[in-house]
file data_14.cif (mmCIF, C-alpha atoms, pLDDT in the B column; chains and numbers go by the auth columns)
data_run
#
loop_
_atom_site.group_PDB
_atom_site.id
_atom_site.type_symbol
_atom_site.label_atom_id
_atom_site.label_comp_id
_atom_site.label_asym_id
_atom_site.label_seq_id
_atom_site.Cartn_x
_atom_site.Cartn_y
_atom_site.Cartn_z
_atom_site.B_iso_or_equiv
_atom_site.auth_seq_id
_atom_site.auth_asym_id
ATOM 1 C CA MET A 1 -3.806 -0.334 15.419 75.00 77 A
ATOM 2 C CA ASN A 2 -1.875 -3.602 15.340 86.00 78 A
ATOM 3 C CA PRO A 3 1.491 -3.646 13.570 92.00 79 A
ATOM 4 C CA TYR A 4 1.486 -4.940 10.000 95.00 80 A
ATOM 5 C CA ILE A 5 3.982 -6.114 7.454 95.00 81 A
ATOM 6 C CA VAL A 6 3.544 -3.483 4.731 97.00 82 A
ATOM 7 C CA ILE A 7 5.207 -4.164 1.381 96.00 83 A
ATOM 8 C CA PHE A 8 5.543 -1.339 -1.122 98.00 84 A
ATOM 9 C CA ASP A 9 5.709 -2.816 -4.586 97.00 85 A
ATOM 10 C CA GLY A 10 5.295 -1.822 -8.206 96.00 86 A
ATOM 11 C CA PRO A 11 7.254 -0.954 -11.330 94.00 87 A
ATOM 12 C CA ASP A 12 10.330 1.247 -11.274 91.00 88 A
ATOM 13 C CA LYS A 13 9.767 4.972 -10.639 94.00 89 A
ATOM 14 C CA THR A 14 6.211 4.625 -9.352 95.00 90 A
ATOM 15 C CA GLY A 15 7.070 6.322 -6.052 95.00 91 A
ATOM 16 C CA LYS A 16 7.534 3.310 -3.785 96.00 92 A
ATOM 17 C CA SER A 17 10.428 4.669 -1.740 95.00 93 A
ATOM 18 C CA THR A 18 8.978 8.166 -1.418 96.00 94 A
ATOM 19 C CA LEU A 19 5.644 6.778 -0.253 97.00 95 A
ATOM 20 C CA LYS A 20 7.293 4.226 2.047 97.00 96 A
ATOM 21 C CA ASP A 21 9.306 6.968 3.769 97.00 97 A
ATOM 22 C CA ALA A 22 6.241 9.217 4.200 98.00 98 A
ATOM 23 C CA PHE A 23 4.196 6.272 5.532 98.00 99 A
ATOM 24 C CA ASN A 24 6.908 5.373 8.062 97.00 100 A
ATOM 25 C CA LYS A 25 7.050 8.954 9.356 97.00 101 A
ATOM 26 C CA ALA A 26 3.251 9.320 9.496 97.00 102 A
ATOM 27 C CA THR A 27 2.841 6.077 11.454 96.00 103 A
ATOM 28 C CA ASN A 28 5.885 6.684 13.659 96.00 104 A
ATOM 29 C CA TYR A 29 7.560 3.533 12.294 95.00 105 A
ATOM 30 C CA LEU A 30 4.894 1.289 13.853 95.00 106 A
ATOM 31 C CA HIS A 31 4.894 -1.249 11.019 96.00 107 A
ATOM 32 C CA PHE A 32 7.486 -3.563 9.508 95.00 108 A
ATOM 33 C CA VAL A 33 7.925 -1.975 6.077 97.00 109 A
ATOM 34 C CA ILE A 34 9.531 -3.568 3.031 94.00 110 A
ATOM 35 C CA ASP A 35 10.490 -1.931 -0.259 94.00 111 A
ATOM 36 C CA ARG A 36 9.711 -4.622 -2.881 93.00 112 A
ATOM 37 C CA GLY A 37 8.524 -8.117 -2.116 89.00 113 A
ATOM 38 C CA PRO A 38 7.458 -11.390 -3.710 88.00 114 A
ATOM 39 C CA LEU A 39 5.517 -9.643 -6.481 90.00 115 A
ATOM 40 C CA SER A 40 8.671 -7.884 -7.686 90.00 116 A
ATOM 41 C CA ASN A 41 10.517 -11.177 -7.623 87.00 117 A
ATOM 42 C CA LEU A 42 7.842 -12.828 -9.761 88.00 118 A
ATOM 43 C CA VAL A 43 7.571 -9.923 -12.213 91.00 119 A
ATOM 44 C CA TYR A 44 11.276 -9.287 -12.690 88.00 120 A
ATOM 45 C CA ASN A 45 12.117 -12.992 -12.852 87.00 121 A
ATOM 46 C CA SER A 46 9.632 -13.151 -15.733 86.00 122 A
ATOM 47 C CA ILE A 47 11.011 -10.031 -17.448 88.00 123 A
ATOM 48 C CA PHE A 48 14.595 -11.311 -17.207 85.00 124 A
ATOM 49 C CA ASN A 49 13.646 -14.939 -17.987 82.00 125 A
ATOM 50 C CA ARG A 50 15.173 -16.132 -14.724 79.00 126 A
ATOM 51 C CA ASN A 51 14.487 -19.537 -13.254 73.00 127 A
ATOM 52 C CA HIS A 52 12.065 -19.536 -10.362 65.00 128 A
ATOM 53 C CA ASN A 53 14.272 -21.531 -7.984 64.00 129 A
ATOM 54 C CA ILE A 54 12.349 -20.388 -4.924 68.00 130 A
ATOM 55 C CA ASP A 55 8.971 -21.874 -4.127 73.00 131 A
ATOM 56 C CA TYR A 56 7.044 -18.595 -4.173 72.00 132 A
ATOM 57 C CA SER A 57 3.777 -20.306 -3.319 74.00 133 A
ATOM 58 C CA LYS A 58 5.204 -21.287 0.088 78.00 134 A
ATOM 59 C CA MET A 59 6.578 -17.780 0.631 78.00 135 A
ATOM 60 C CA ILE A 60 3.228 -16.235 -0.310 79.00 136 A
ATOM 61 C CA ASP A 61 1.295 -18.630 1.925 79.00 137 A
ATOM 62 C CA HIS A 62 3.619 -17.900 4.835 80.00 138 A
ATOM 63 C CA LEU A 63 3.389 -14.123 4.417 82.00 139 A
ATOM 64 C CA SER A 64 -0.407 -14.366 4.134 81.00 140 A
ATOM 65 C CA SER A 65 -0.571 -15.838 7.628 82.00 141 A
ATOM 66 C CA PHE A 66 0.618 -12.498 9.110 88.00 142 A
ATOM 67 C CA ASN A 67 -1.128 -9.138 9.301 91.00 143 A
ATOM 68 C CA HIS A 68 0.031 -7.765 5.991 93.00 144 A
ATOM 69 C CA LEU A 69 -0.758 -5.280 3.274 95.00 145 A
ATOM 70 C CA ILE A 70 0.686 -4.991 -0.204 96.00 146 A
ATOM 71 C CA VAL A 71 0.767 -1.393 -1.420 98.00 147 A
ATOM 72 C CA LEU A 72 0.923 -1.589 -5.201 97.00 148 A
ATOM 73 C CA CYS A 73 2.204 1.771 -6.398 97.00 149 A
ATOM 74 C CA THR A 74 1.264 3.108 -9.783 97.00 150 A
ATOM 75 C CA ALA A 75 1.265 6.433 -11.605 96.00 151 A
ATOM 76 C CA PRO A 76 0.275 7.692 -15.038 97.00 152 A
ATOM 77 C CA GLU A 77 2.642 6.276 -17.658 94.00 153 A
ATOM 78 C CA ASN A 78 3.776 9.711 -18.826 95.00 154 A
ATOM 79 C CA LEU A 79 4.787 10.622 -15.248 95.00 155 A
ATOM 80 C CA VAL A 80 6.743 7.377 -14.840 94.00 156 A
ATOM 81 C CA ASN A 81 8.490 8.060 -18.150 93.00 157 A
ATOM 82 C CA GLU A 82 9.357 11.601 -16.968 94.00 158 A
ATOM 83 C CA ARG A 83 10.790 10.180 -13.749 93.00 159 A
ATOM 84 C CA LEU A 84 12.842 7.634 -15.685 92.00 160 A
ATOM 85 C CA GLU A 85 14.184 10.298 -18.033 93.00 161 A
ATOM 86 C CA ALA A 86 14.998 12.677 -15.170 95.00 162 A
ATOM 87 C CA ASN A 87 17.101 9.922 -13.584 92.00 163 A
ATOM 88 C CA ASN A 88 18.628 8.820 -16.890 93.00 164 A
ATOM 89 C CA GLU A 89 17.085 5.356 -16.491 88.00 165 A
ATOM 90 C CA ILE A 90 15.137 2.957 -18.682 86.00 166 A
ATOM 91 C CA LEU A 91 12.863 0.071 -17.823 84.00 167 A
ATOM 92 C CA PRO A 92 14.655 -3.287 -17.797 81.00 168 A
ATOM 93 C CA ASN A 93 14.959 -5.665 -20.716 81.00 169 A
ATOM 94 C CA GLY A 94 12.886 -3.627 -23.161 82.00 170 A
ATOM 95 C CA SER A 95 9.766 -3.757 -20.997 86.00 171 A
ATOM 96 C CA THR A 96 7.186 -0.984 -20.926 91.00 172 A
ATOM 97 C CA PHE A 97 5.439 0.528 -17.948 92.00 173 A
ATOM 98 C CA SER A 98 2.034 -0.774 -19.003 94.00 174 A
ATOM 99 C CA SER A 99 3.249 -4.338 -19.600 93.00 175 A
ATOM 100 C CA THR A 100 5.136 -4.350 -16.297 94.00 176 A
ATOM 101 C CA MET A 101 2.139 -2.953 -14.417 95.00 177 A
ATOM 102 C CA LYS A 102 -0.110 -5.612 -15.958 96.00 178 A
ATOM 103 C CA MET A 103 2.273 -8.300 -14.709 94.00 179 A
ATOM 104 C CA PHE A 104 2.194 -6.856 -11.182 95.00 180 A
ATOM 105 C CA GLU A 105 -1.602 -6.802 -11.275 96.00 181 A
ATOM 106 C CA PHE A 106 -1.767 -10.351 -12.650 94.00 182 A
ATOM 107 C CA PHE A 107 0.415 -11.792 -9.879 92.00 183 A
ATOM 108 C CA LEU A 108 -1.341 -9.686 -7.223 94.00 184 A
ATOM 109 C CA TYR A 109 -4.827 -10.768 -8.281 94.00 185 A
ATOM 110 C CA GLN A 110 -3.713 -14.432 -8.282 90.00 186 A
ATOM 111 C CA SER A 111 -2.399 -14.127 -4.725 89.00 187 A
ATOM 112 C CA PRO A 112 -4.193 -14.261 -1.364 89.00 188 A
ATOM 113 C CA PHE A 113 -2.622 -10.924 -0.353 91.00 189 A
ATOM 114 C CA LYS A 114 -4.565 -8.063 1.138 93.00 190 A
ATOM 115 C CA TYR A 115 -3.738 -5.039 -0.961 95.00 191 A
ATOM 116 C CA VAL A 116 -4.396 -1.459 -1.893 97.00 192 A
ATOM 117 C CA ILE A 117 -3.429 0.180 -5.185 97.00 193 A
ATOM 118 C CA ILE A 118 -2.143 3.724 -4.786 98.00 194 A
ATOM 119 C CA ASP A 119 -1.710 6.282 -7.560 97.00 195 A
ATOM 120 C CA THR A 120 1.363 8.202 -6.416 96.00 196 A
ATOM 121 C CA SER A 121 0.575 11.177 -8.648 96.00 197 A
ATOM 122 C CA GLN A 122 -1.829 12.217 -5.863 96.00 198 A
ATOM 123 C CA PRO A 123 -0.570 14.337 -2.938 97.00 199 A
ATOM 124 C CA ILE A 124 1.608 12.218 -0.666 97.00 200 A
ATOM 125 C CA ASP A 125 -0.518 12.822 2.448 97.00 201 A
ATOM 126 C CA LEU A 126 -3.602 11.561 0.586 98.00 202 A
ATOM 127 C CA CYS A 127 -1.694 8.410 -0.432 98.00 203 A
ATOM 128 C CA VAL A 128 -0.570 7.796 3.154 98.00 204 A
ATOM 129 C CA ASN A 129 -4.120 8.335 4.447 97.00 205 A
ATOM 130 C CA GLN A 130 -5.457 5.752 1.972 97.00 206 A
ATOM 131 C CA ILE A 131 -2.978 3.192 3.293 98.00 207 A
ATOM 132 C CA VAL A 132 -3.728 3.971 6.951 96.00 208 A
ATOM 133 C CA LYS A 133 -7.498 3.715 6.346 96.00 209 A
ATOM 134 C CA THR A 134 -7.006 0.355 4.646 96.00 210 A
ATOM 135 C CA LEU A 135 -5.003 -0.906 7.621 95.00 211 A
ATOM 136 C CA GLU A 136 -7.627 0.382 10.081 93.00 212 A
ATOM 137 C CA LYS A 137 -10.336 -1.546 8.215 90.00 213 A
ATOM 138 C CA GLY A 138 -8.290 -4.729 8.672 80.00 214 A
ATOM 139 C CA ASP A 139 -8.043 -4.461 12.473 60.00 215 A
#
call {"tool": "encode", "arguments": {"input": "data_14.cif", "output": "structure tokens"}}
result
Amino acid sequence: MNPYIVIFDGPDKTGKSTLKDAFNKATNYLHFVIDRGPLSNLVYNSIFNRNHNIDYSKMIDHLSSFNHLIVLCTAPENLVNERLEANNEILPNGSTFSSTMKMFEFFLYQSPFKYVIIDTSQPIDLCVNQIVKTLEKGD
């Protein structure tokens, strides 16, 4: 399998870091892995009403020219809320999980990115296998 740029993205507490770490171990750190990418920038700039000073279209076009995969992490809303509460956290700027997830999906579906959507409430090895199979299909 050729190395990929793999970006783990999604709303807070959807299991990005946990899945990223398991993926790295399972693939023996073969890929260049990023925790949050251009989608997070677009979503959170919108949530916080920040100016979009960066030309994201150029960044997205450039990234699309490499072997890449966006792993959009999701989970049932009640599980995300439990994770937030357990860590004494709230979603930023009065947002909700469902509205934030819809924004991620909107920006993802408008992009040229290759992607897979992973429900992290599944066993971690099943999630990792879904990602690996998606990468194998791309080679």
call {"tool": "residues_near_point", "arguments": {"input": "data_14.cif", "point": "(1.3, -0.4, 11.4)", "cutoff": "9 Å", "atoms": "all atoms listed in the file", "output": "JSON, numbers by chain"}}
result
{"A": [77, 78, 79, 80, 81, 82, 100, 103, 104, 105, 106, 107, 108, 109, 208, 211]}
call {"tool": "closest_residue", "arguments": {"input": "data_14.cif", "among": "A:Ser141, A:Ser122, A:Gln206, A:Asn154", "to": "A:Thr176", "atoms": "all atoms listed in the file"}}
result
A:Ser122
call {"tool": "resolve_selection", "arguments": {"input": "data_14.cif", "expression": "the PyMOL selection byres ((chain A and resi 117) around 12)", "output": "MDAnalysis selection string"}}
result
chainID A and resid 85:87 111:116 118:132 135:136 179:180 183:184
call {"tool": "atom_distance", "arguments": {"input": "data_14.cif", "atom1": "atom CA of A:Thr90", "atom2": "atom CA of A:Asn157"}}
result
9.7 Å
call {"tool": "atom_distance", "arguments": {"input": "data_14.cif", "atom1": "atom CA of A:Asp97", "atom2": "atom CA of A:Leu155"}}
result
19.9 Å
call {"tool": "residues_around", "arguments": {"input": "data_14.cif", "residues": "stretch 150-153 of chain A", "least_positions_apart": "6", "cutoff": "7 Å", "atoms": "all atoms listed in the file", "output": "list in words"}}
result
Gly86, Thr90, Phe173, Ile194, Asp195, Thr196 and Ser197 of chain A
call {"tool": "atom_distance", "arguments": {"input": "data_14.cif", "atom1": "atom CA of A:Phe84", "atom2": "atom CA of A:Val147"}}
result
4.8 Å
call {"tool": "residues_around", "arguments": {"input": "data_14.cif", "residues": "A:Thr210", "least_positions_apart": "5", "cutoff": "9 Å", "atoms": "all atoms listed in the file", "output": "ChimeraX atom specification"}}
result
/A:145,191-192,205
call {"tool": "resolve_selection", "arguments": {"input": "data_14.cif", "expression": "the PyMOL selection byres ((chain A and resi 189) around 9)", "output": "PyMOL selection string"}}
result
chain A and resi 136-137+139-140+144-146+184-188+190-191
call {"tool": "closest_residue", "arguments": {"input": "data_14.cif", "among": "A:Cys203, A:Lys96, A:Lys209, A:Asp88", "to": "A:Leu160", "atoms": "all atoms listed in the file"}}
result
A:Asp88
call {"tool": "decode", "arguments": {"input": "data_14.cif", "residues": "stretch 94-115 of chain A", "atoms": "N, CA, C and O atoms", "output": "PDB file, in the first residue's frame"}}
result
ATOM      1  N   THR A  94      -8.435   9.115  19.392  1.00  0.00           N
ATOM      2  CA  THR A  94      -8.403   7.689  19.734  1.00  0.00           C
ATOM      3  C   THR A  94      -8.272   6.851  18.472  1.00  0.00           C
ATOM      4  O   THR A  94      -7.447   5.929  18.398  1.00  0.00           O
ATOM      5  N   LEU A  95      -9.069   7.179  17.456  1.00  0.00           N
ATOM      6  CA  LEU A  95      -9.024   6.428  16.209  1.00  0.00           C
ATOM      7  C   LEU A  95      -7.706   6.662  15.472  1.00  0.00           C
ATOM      8  O   LEU A  95      -7.112   5.725  14.933  1.00  0.00           O
ATOM      9  N   LYS A  96      -7.239   7.888  15.469  1.00  0.00           N
ATOM     10  CA  LYS A  96      -5.959   8.219  14.823  1.00  0.00           C
ATOM     11  C   LYS A  96      -4.824   7.392  15.440  1.00  0.00           C
ATOM     12  O   LYS A  96      -4.011   6.806  14.717  1.00  0.00           O
ATOM     13  N   ASP A  97      -4.783   7.331  16.757  1.00  0.00           N
ATOM     14  CA  ASP A  97      -3.722   6.570  17.434  1.00  0.00           C
ATOM     15  C   ASP A  97      -3.806   5.078  17.104  1.00  0.00           C
ATOM     16  O   ASP A  97      -2.780   4.436  16.830  1.00  0.00           O
ATOM     17  N   ALA A  98      -5.012   4.518  17.101  1.00  0.00           N
ATOM     18  CA  ALA A  98      -5.188   3.097  16.778  1.00  0.00           C
ATOM     19  C   ALA A  98      -4.812   2.826  15.322  1.00  0.00           C
ATOM     20  O   ALA A  98      -4.187   1.803  15.010  1.00  0.00           O
ATOM     21  N   PHE A  99      -5.181   3.738  14.425  1.00  0.00           N
ATOM     22  CA  PHE A  99      -4.837   3.598  13.003  1.00  0.00           C
ATOM     23  C   PHE A  99      -3.323   3.626  12.821  1.00  0.00           C
ATOM     24  O   PHE A  99      -2.763   2.793  12.091  1.00  0.00           O
ATOM     25  N   ASN A 100      -2.650   4.570  13.463  1.00  0.00           N
ATOM     26  CA  ASN A 100      -1.186   4.652  13.358  1.00  0.00           C
ATOM     27  C   ASN A 100      -0.526   3.342  13.798  1.00  0.00           C
ATOM     28  O   ASN A 100       0.365   2.832  13.119  1.00  0.00           O
ATOM     29  N   LYS A 101      -0.963   2.812  14.931  1.00  0.00           N
ATOM     30  CA  LYS A 101      -0.377   1.564  15.437  1.00  0.00           C
ATOM     31  C   LYS A 101      -0.654   0.404  14.485  1.00  0.00           C
ATOM     32  O   LYS A 101       0.233  -0.399  14.191  1.00  0.00           O
ATOM     33  N   ALA A 102      -1.901   0.316  13.999  1.00  0.00           N
ATOM     34  CA  ALA A 102      -2.284  -0.802  13.124  1.00  0.00           C
ATOM     35  C   ALA A 102      -1.557  -0.771  11.790  1.00  0.00           C
ATOM     36  O   ALA A 102      -1.311  -1.818  11.190  1.00  0.00           O
ATOM     37  N   THR A 103      -1.202   0.407  11.316  1.00  0.00           N
ATOM     38  CA  THR A 103      -0.517   0.533  10.022  1.00  0.00           C
ATOM     39  C   THR A 103       0.978   0.783  10.193  1.00  0.00           C
ATOM     40  O   THR A 103       1.659   1.124   9.223  1.00  0.00           O
ATOM     41  N   ASN A 104       1.466   0.618  11.407  1.00  0.00           N
ATOM     42  CA  ASN A 104       2.881   0.797  11.719  1.00  0.00           C
ATOM     43  C   ASN A 104       3.396   2.162  11.252  1.00  0.00           C
ATOM     44  O   ASN A 104       4.481   2.274  10.698  1.00  0.00           O
ATOM     45  N   TYR A 105       2.550   3.184  11.446  1.00  0.00           N
ATOM     46  CA  TYR A 105       2.920   4.577  11.155  1.00  0.00           C
ATOM     47  C   TYR A 105       3.349   4.783   9.699  1.00  0.00           C
ATOM     48  O   TYR A 105       4.209   5.606   9.401  1.00  0.00           O
ATOM     49  N   LEU A 106       2.738   4.053   8.787  1.00  0.00           N
ATOM     50  CA  LEU A 106       3.067   4.136   7.365  1.00  0.00           C
ATOM     51  C   LEU A 106       2.643   5.464   6.755  1.00  0.00           C
ATOM     52  O   LEU A 106       3.307   5.995   5.873  1.00  0.00           O
ATOM     53  N   HIS A 107       1.533   6.019   7.230  1.00  0.00           N
ATOM     54  CA  HIS A 107       0.925   7.183   6.591  1.00  0.00           C
ATOM     55  C   HIS A 107       1.234   8.469   7.346  1.00  0.00           C
ATOM     56  O   HIS A 107       1.551   8.450   8.533  1.00  0.00           O
ATOM     57  N   PHE A 108       1.123   9.575   6.633  1.00  0.00           N
ATOM     58  CA  PHE A 108       1.236  10.902   7.245  1.00  0.00           C
ATOM     59  C   PHE A 108      -0.154  11.236   7.778  1.00  0.00           C
ATOM     60  O   PHE A 108      -1.089  11.410   7.006  1.00  0.00           O
ATOM     61  N   VAL A 109      -0.286  11.292   9.098  1.00  0.00           N
ATOM     62  CA  VAL A 109      -1.597  11.411   9.737  1.00  0.00           C
ATOM     63  C   VAL A 109      -1.734  12.774  10.410  1.00  0.00           C
ATOM     64  O   VAL A 109      -0.816  13.227  11.090  1.00  0.00           O
ATOM     65  N   ILE A 110      -2.892  13.389  10.187  1.00  0.00           N
ATOM     66  CA  ILE A 110      -3.172  14.716  10.731  1.00  0.00           C
ATOM     67  C   ILE A 110      -4.465  14.665  11.539  1.00  0.00           C
ATOM     68  O   ILE A 110      -5.444  14.066  11.109  1.00  0.00           O
ATOM     69  N   ASP A 111      -4.434  15.277  12.701  1.00  0.00           N
ATOM     70  CA  ASP A 111      -5.618  15.410  13.553  1.00  0.00           C
ATOM     71  C   ASP A 111      -6.194  16.801  13.292  1.00  0.00           C
ATOM     72  O   ASP A 111      -5.634  17.788  13.736  1.00  0.00           O
ATOM     73  N   ARG A 112      -7.257  16.862  12.543  1.00  0.00           N
ATOM     74  CA  ARG A 112      -7.974  18.062  12.089  1.00  0.00           C
ATOM     75  C   ARG A 112      -7.283  18.662  10.871  1.00  0.00           C
ATOM     76  O   ARG A 112      -6.066  18.704  10.788  1.00  0.00           O
ATOM     77  N   GLY A 113      -8.117  19.111   9.935  1.00  0.00           N
ATOM     78  CA  GLY A 113      -7.598  19.664   8.698  1.00  0.00           C
ATOM     79  C   GLY A 113      -8.438  20.815   8.192  1.00  0.00           C
ATOM     80  O   GLY A 113      -9.087  21.514   8.982  1.00  0.00           O
ATOM     81  N   PRO A 114      -8.458  21.006   6.876  1.00  0.00           N
ATOM     82  CA  PRO A 114      -9.177  22.157   6.314  1.00  0.00           C
ATOM     83  C   PRO A 114     -10.662  22.171   6.638  1.00  0.00           C
ATOM     84  O   PRO A 114     -11.252  23.239   6.793  1.00  0.00           O
ATOM     85  N   LEU A 115     -11.279  21.004   6.778  1.00  0.00           N
ATOM     86  CA  LEU A 115     -12.713  20.997   7.120  1.00  0.00           C
ATOM     87  C   LEU A 115     -12.952  21.637   8.481  1.00  0.00           C
ATOM     88  O   LEU A 115     -13.882  22.430   8.657  1.00  0.00           O
TER      89      LEU A 115
END
